[in-house]
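Novice: What follows is upload06.pdb, PDB, C-alpha atoms.
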MODEL        1
ATOM      1  CA  MET N  20       0.000   0.000   0.000
ATOM      2  CA  PRO N  21       2.715   2.566   0.804
ATOM      3  CA  ASN N  22       4.379   1.708  -2.530
ATOM      4  CA  VAL N  23       1.149   2.531  -4.423
ATOM      5  CA  ILE N  24       0.853   5.906  -2.652
ATOM      6  CA  ILE N  25       4.473   6.710  -3.482
ATOM      7  CA  LEU N  26       3.903   5.674  -7.116
ATOM      8  CA  ILE N  27       0.722   7.792  -7.482
ATOM      9  CA  SER N  28       2.310  10.816  -5.786
ATOM     10  CA  GLY N  29       5.418  10.400  -8.018
ATOM     11  CA  ILE N  30       3.236  10.354 -11.152
ATOM     12  CA  PHE N  31       1.287  13.374  -9.910
ATOM     13  CA  LEU N  32       4.458  15.325  -9.072
ATOM     14  CA  GLY N  33       5.947  14.366 -12.465
ATOM     15  CA  ILE N  34       2.874  15.678 -14.338
ATOM     16  CA  VAL N  35       2.827  18.918 -12.314
ATOM     17  CA  GLY N  36       6.583  19.366 -12.827
ATOM     18  CA  PHE N  37       6.292  18.756 -16.578
ATOM     19  CA  TYR N  38       3.390  21.239 -16.813
ATOM     20  CA  LEU N  39       5.309  23.960 -14.933
ATOM     21  CA  PHE N  40       8.433  23.340 -17.038
ATOM     22  CA  TYR N  41       6.328  23.609 -20.231
ATOM     23  CA  LYS N  42       4.743  26.882 -19.030
ATOM     24  CA  PHE N  43       8.203  28.257 -18.238
ATOM     25  CA  LEU N  44       9.517  27.442 -21.727
ATOM     26  CA  SER N  45       6.453  28.797 -23.522
ATOM     27  CA  LYS N  46       6.817  32.179 -21.791
ATOM     28  CA  LYS N  47      10.333  32.652 -23.135
ATOM     29  CA  LYS N  48      10.391  34.952 -26.138
ATOM     30  CA  LEU N  49      12.061  33.019 -28.924
ATOM     31  CA  LEU N  50      12.903  34.717 -32.207
ATOM     32  CA  THR N  51      10.713  33.595 -35.049
ATOM     33  CA  PRO N  52      11.816  33.717 -38.698
ATOM     34  CA  ALA N  53       9.519  36.728 -39.153
ATOM     35  CA  ASP N  54      11.395  38.572 -36.376
ATOM     36  CA  CYS N  55      14.737  37.815 -38.050
ATOM     37  CA  ASN N  56      13.400  39.002 -41.410
ATOM     38  CA  SER N  57      12.071  42.144 -39.757
ATOM     39  CA  ARG N  58      15.483  42.873 -38.262
ATOM     40  CA  ASP N  59      17.209  42.186 -41.569
ATOM     41  CA  ALA N  60      14.776  44.501 -43.353
ATOM     42  CA  GLU N  61      15.285  47.193 -40.720
ATOM     43  CA  ASP N  62      19.063  47.011 -41.099
ATOM     44  CA  PHE N  63      18.753  47.044 -44.900
ATOM     45  CA  LEU N  64      16.570  50.171 -44.844
ATOM     46  CA  LYS N  65      18.748  51.997 -42.297
ATOM     47  CA  LYS N  66      21.884  51.318 -44.381
ATOM     48  CA  ARG N  67      20.173  53.022 -47.309
ATOM     49  CA  GLY N  68      19.385  56.142 -45.311
ATOM     50  CA  PHE N  69      15.780  55.472 -44.334
ATOM     51  CA  GLN N  70      14.491  56.310 -40.888
ATOM     52  CA  ILE N  71      11.973  53.818 -39.486
ATOM     53  CA  VAL N  72       8.874  55.805 -38.490
ATOM     54  CA  GLU N  73       6.493  52.973 -37.679
ATOM     55  CA  LYS N  74       6.314  49.170 -37.784
ATOM     56  CA  LYS N  75       3.289  47.052 -38.654
ATOM     57  CA  ARG N  76       0.848  49.952 -39.228
ATOM     58  CA  GLN N  77      -2.586  48.539 -39.905
ATOM     59  CA  SER N  78      -5.234  49.934 -42.178
ATOM     60  CA  SER N  79      -8.775  48.637 -42.519
ATOM     61  CA  VAL N  80     -11.265  48.264 -45.327
ATOM     62  CA  VAL N  81     -14.851  47.067 -45.264
ATOM     63  CA  VAL N  82     -15.779  44.760 -48.134
ATOM     64  CA  TYR N  83     -19.502  44.458 -48.815
ATOM     65  CA  VAL N  84     -20.671  41.147 -50.247
ATOM     66  CA  ASN N  85     -24.399  40.995 -50.975
ATOM     67  CA  GLY N  86     -24.953  43.920 -48.616
ATOM     68  CA  LYS N  87     -23.100  42.310 -45.697
ATOM     69  CA  GLY N  88     -19.934  44.121 -44.552
ATOM     70  CA  HIS N  89     -16.721  42.248 -43.830
ATOM     71  CA  LEU N  90     -13.935  44.110 -42.037
ATOM     72  CA  ASN N  91     -10.452  43.338 -43.317
ATOM     73  CA  THR N  92      -7.115  44.722 -42.215
ATOM     74  CA  GLU N  93      -3.784  44.902 -43.957
ATOM     75  CA  ALA N  94      -0.503  45.657 -42.224
ATOM     76  CA  ALA N  95       2.378  47.548 -43.774
ATOM     77  CA  ASP N  96       5.715  46.090 -42.764
ATOM     78  CA  PHE N  97       7.254  49.535 -42.233
ATOM     79  CA  ILE N  98       6.565  53.210 -42.669
ATOM     80  CA  VAL N  99       9.901  54.895 -43.412
ATOM     81  CA  GLU N 100      11.108  58.382 -44.217
ATOM     82  CA  ARG N 101      14.009  59.765 -46.231
ATOM     83  CA  ASP N 102      14.516  63.269 -47.624
ATOM     84  CA  ARG N 103      11.154  64.390 -46.209
ATOM     85  CA  LYS N 104       9.306  61.722 -48.211
ATOM     86  CA  ARG N 105       7.369  58.949 -46.508
ATOM     87  CA  TYR N 106       7.099  55.447 -47.862
ATOM     88  CA  VAL N 107       5.114  52.337 -47.049
ATOM     89  CA  VAL N 108       7.340  49.247 -47.281
ATOM     90  CA  LYS N 109       6.229  45.785 -48.373
ATOM     91  CA  VAL N 110       8.843  43.143 -47.521
ATOM     92  CA  VAL N 111       9.000  39.929 -49.555
ATOM     93  CA  ASN N 112      11.289  36.912 -49.290
ATOM     94  CA  GLU N 113      10.955  35.413 -52.727
ATOM     95  CA  ILE N 114      13.453  35.063 -55.508
ATOM     96  CA  GLY N 115      12.532  36.874 -58.709
ATOM     97  CA  VAL N 116       9.623  38.938 -57.417
ATOM     98  CA  ASP N 117       8.121  40.947 -60.259
ATOM     99  CA  PRO N 118       5.972  43.956 -59.261
ATOM    100  CA  THR N 119       4.135  43.726 -62.586
ATOM    101  CA  GLU N 120       3.051  40.131 -61.927
ATOM    102  CA  PRO N 121      -0.749  40.188 -61.374
ATOM    103  CA  ALA N 122      -0.871  38.996 -57.734
ATOM    104  CA  MET N 123       1.912  41.354 -56.614
ATOM    105  CA  ARG N 124       0.479  44.230 -58.665
ATOM    106  CA  ARG N 125      -2.917  43.781 -56.959
ATOM    107  CA  LYS N 126      -1.213  43.832 -53.552
ATOM    108  CA  LEU N 127       0.644  47.043 -54.452
ATOM    109  CA  ILE N 128      -2.570  48.676 -55.709
ATOM    110  CA  GLU N 129      -4.227  47.678 -52.432
ATOM    111  CA  PHE N 130      -1.362  49.301 -50.508
ATOM    112  CA  SER N 131      -1.712  52.509 -52.536
ATOM    113  CA  LYS N 132      -5.399  52.723 -51.602
ATOM    114  CA  LEU N 133      -4.998  51.720 -47.931
ATOM    115  CA  PHE N 134      -2.040  54.023 -47.286
ATOM    116  CA  PRO N 135      -2.805  57.143 -49.350
ATOM    117  CA  GLY N 136      -0.180  59.850 -49.632
ATOM    118  CA  LEU N 137       2.688  57.407 -49.137
ATOM    119  CA  GLU N 138       5.054  56.200 -51.832
ATOM    120  CA  ILE N 139       5.504  52.417 -52.059
ATOM    121  CA  LEU N 140       8.779  50.547 -51.624
ATOM    122  CA  LEU N 141       9.076  46.840 -52.407
ATOM    123  CA  LEU N 142      11.931  45.259 -50.458
ATOM    124  CA  ASN N 143      13.104  41.831 -51.594
ATOM    125  CA  LEU N 144      15.365  40.463 -48.860
ATOM    126  CA  ASN N 145      16.444  37.397 -50.848
ATOM    127  CA  GLY N 146      17.352  39.442 -53.906
ATOM    128  CA  GLY N 147      18.741  42.300 -51.829
ATOM    129  CA  GLU N 148      16.902  44.883 -53.893
ATOM    130  CA  LEU N 149      14.703  47.830 -53.039
ATOM    131  CA  GLN N 150      12.291  49.038 -55.711
ATOM    132  CA  GLU N 151      10.302  52.267 -55.637
ATOM    133  CA  ILE N 152       6.841  51.632 -57.056
ATOM    134  CA  LYS N 153       4.699  54.358 -58.595
ATOM    135  CA  LEU N 154       1.208  53.655 -59.865
ATOM    136  CA  LYS N 155      -0.452  55.822 -62.486
ATOM    137  CA  PHE N 156      -3.890  55.046 -63.806
ATOM    138  CA  PRO N 157      -4.544  56.415 -67.303
ATOM    139  CA  LYS N 158      -7.708  58.437 -67.661
ATOM    140  CA  SER N 159     -10.577  56.941 -69.608
ATOM    141  CA  GLU N 160     -11.714  58.436 -72.906
ATOM    142  CA  THR N 161     -14.855  59.909 -71.317
ATOM    143  CA  GLU N 162     -12.789  61.704 -68.655
ATOM    144  CA  LEU N 163     -10.478  63.067 -71.328
ATOM    145  CA  LEU N 164     -13.436  64.167 -73.493
ATOM    146  CA  PHE N 165     -15.049  65.873 -70.489
ATOM    147  CA  THR N 166     -11.783  67.704 -69.677
ATOM    148  CA  VAL N 167     -11.487  68.968 -73.281
ATOM    149  CA  PHE N 168     -15.156  70.040 -73.237
ATOM    150  CA  VAL N 169     -14.764  72.007 -69.976
ATOM    151  CA  ALA N 170     -11.519  73.643 -71.176
ATOM    152  CA  SER N 171     -13.094  74.712 -74.484
ATOM    153  CA  PHE N 172     -16.174  76.028 -72.652
ATOM    154  CA  ILE N 173     -13.946  78.190 -70.418
ATOM    155  CA  VAL N 174     -11.969  79.497 -73.421
ATOM    156  CA  LEU N 175     -15.178  80.311 -75.323
ATOM    157  CA  GLY N 176     -16.555  82.082 -72.248
ATOM    158  CA  ILE N 177     -13.449  84.266 -71.993
ATOM    159  CA  VAL N 178     -13.565  85.054 -75.739
ATOM    160  CA  ALA N 179     -17.261  85.971 -75.468
ATOM    161  CA  LEU N 180     -16.522  88.239 -72.504
ATOM    162  CA  VAL N 181     -13.709  90.017 -74.399
ATOM    163  CA  VAL N 182     -15.962  90.475 -77.478
ATOM    164  CA  LEU N 183     -18.725  91.899 -75.265
ATOM    165  CA  LEU N 184     -16.296  94.329 -73.613
ATOM    166  CA  VAL N 185     -15.021  95.471 -77.031
ATOM    167  CA  GLN N 186     -18.592  95.956 -78.292
ATOM    168  CA  LEU N 187     -19.425  98.084 -75.264
ATOM    169  CA  LYS N 188     -16.135  99.982 -75.739
ATOM    170  CA  LEU N 189     -15.096  99.164 -72.180
ATOM    171  CA  TYR N 190     -11.909  97.561 -73.322
TER
ENDMDL
END
Show me, as structure tokens, the structure contained in the file I just sent.
Specialist:
Amino acid sequence: MPNVIILISGIFLGIVGFYLFYKFLSKKKLLTPADCNSRDAEDFLKKRGFQIVEKKRQSSVVVYVNGKGHLNTEAADFIVERDRKRYVVKVVNEIGVDPTEPAMRRKLIEFSKLFPGLEILLLNLNGGELQEIKLKFPKSETELLFTVFVASFIVLGIVALVVLLVQLKLY
């Protein structure tokens, strides 16, 4: 009987000890690959003269599907500044990343809309390259036609005003 009590208490103490040891290890902050990449990216940007303004800034968008709103967030890896210009930085770890490839282009367009007023930098840690991305959307034909119409209307209005002033001998 005393051997059974010792065995049960030994098992119980072993389970409690293992649990406490596991809790102790899980509380330790271990570096993840994302943390290492973040540090590498930070060093890369600082070496090129950028000042880190903010890390992991989040921006939200509500997507409506059949009238039901879905809140989504996107995080920028960094907001940096150099020469009084601010940039949003997207960090990638892929070889041969092409900003004109459809999936990456959509992501960059999304960044331009979620972080307005900021230029976009694409940082490829594997390739060791930093690309400045600028997006320009050409105007449609109707917008161009409307602009020409408004400009010609203004010019005709000024000409009519000058002709009227000359007729009234005020000019």
Novice: Got a sec: who's within 7 Å of Val111 (chain N), counting only C-alpha atoms, leaving out chain neighbours fewer than 2 positions off, as a VMD selection string?
Specialist: chain N and resid 109 113 142 to 144
Novice: Selected by the PyMOL selection byres ((chain N and resi 154) around 10) in the shown coordinates: which residues, as a list in words?
Specialist: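 Written out, the selection comes to Arg124, Leu127, Ile128, Ser131, Glu138, Ile139, Ile152, Lys153, Lys155, Phe156 and Pro157 of chain N.
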Novice: Translate the PyMOL selection byres ((chain N and resi 92) around 8) into a concrete residue list for this structure, as number ranges by chain.
Specialist: N: 77-80, 90-91, 93-94
Novice: Report the distance between CA of Ser57 (chain N) and CA of Pro121 (chain N) in Å, rounded to one decimal place.
Specialist: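 Separation between CA of Ser57 (chain N) and CA of Pro121 (chain N): 25.2 Å.
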Novice: For Gly68 (chain N), work out the shell of residues within 12 Å, counting all atoms listed in the file and skipping chain neighbours fewer than 3 positions away, then give it as an NGL selection string.
Specialist: :N and (61-65 or 71 or 99-104)
Novice: Could you write out the selected residues, including C-alpha atoms, as a compact mmCIF listing (two decimals), in the frame of the given file?
Specialist:
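Once everything was written out, this is part.txt:
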# COMPACT_ATOMS: atom_id res chain seq x y z
CA GLU N 61 15.28 47.19 -40.72
CA ASP N 62 19.06 47.01 -41.10
CA PHE N 63 18.75 47.04 -44.90
CA LEU N 64 16.57 50.17 -44.84
CA LYS N 65 18.75 52.00 -42.30
CA ILE N 71 11.97 53.82 -39.49
CA VAL N 99 9.90 54.90 -43.41
CA GLU N 100 11.11 58.38 -44.22
CA ARG N 101 14.01 59.76 -46.23
CA ASP N 102 14.52 63.27 -47.62
CA ARG N 103 11.15 64.39 -46.21
CA LYS N 104 9.31 61.72 -48.21
Novice: Rounded to one decimal place, report the CA of Arg76 (chain N)-CA of Ile98 (chain N) distance in Å.
Specialist: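 Computed distance, CA of Arg76 (chain N) to CA of Ile98 (chain N), equals 7.4 Å.
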Novice: I'd like the contact shell of Val108 (chain N) - 6 Å cut-off, all atoms listed in the file, skipping same-chain residues fewer than 5 positions apart - returned as a list in words.
Specialist: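 Here the answer would be Asp96, Phe97, Leu140 and Leu141 of chain N.
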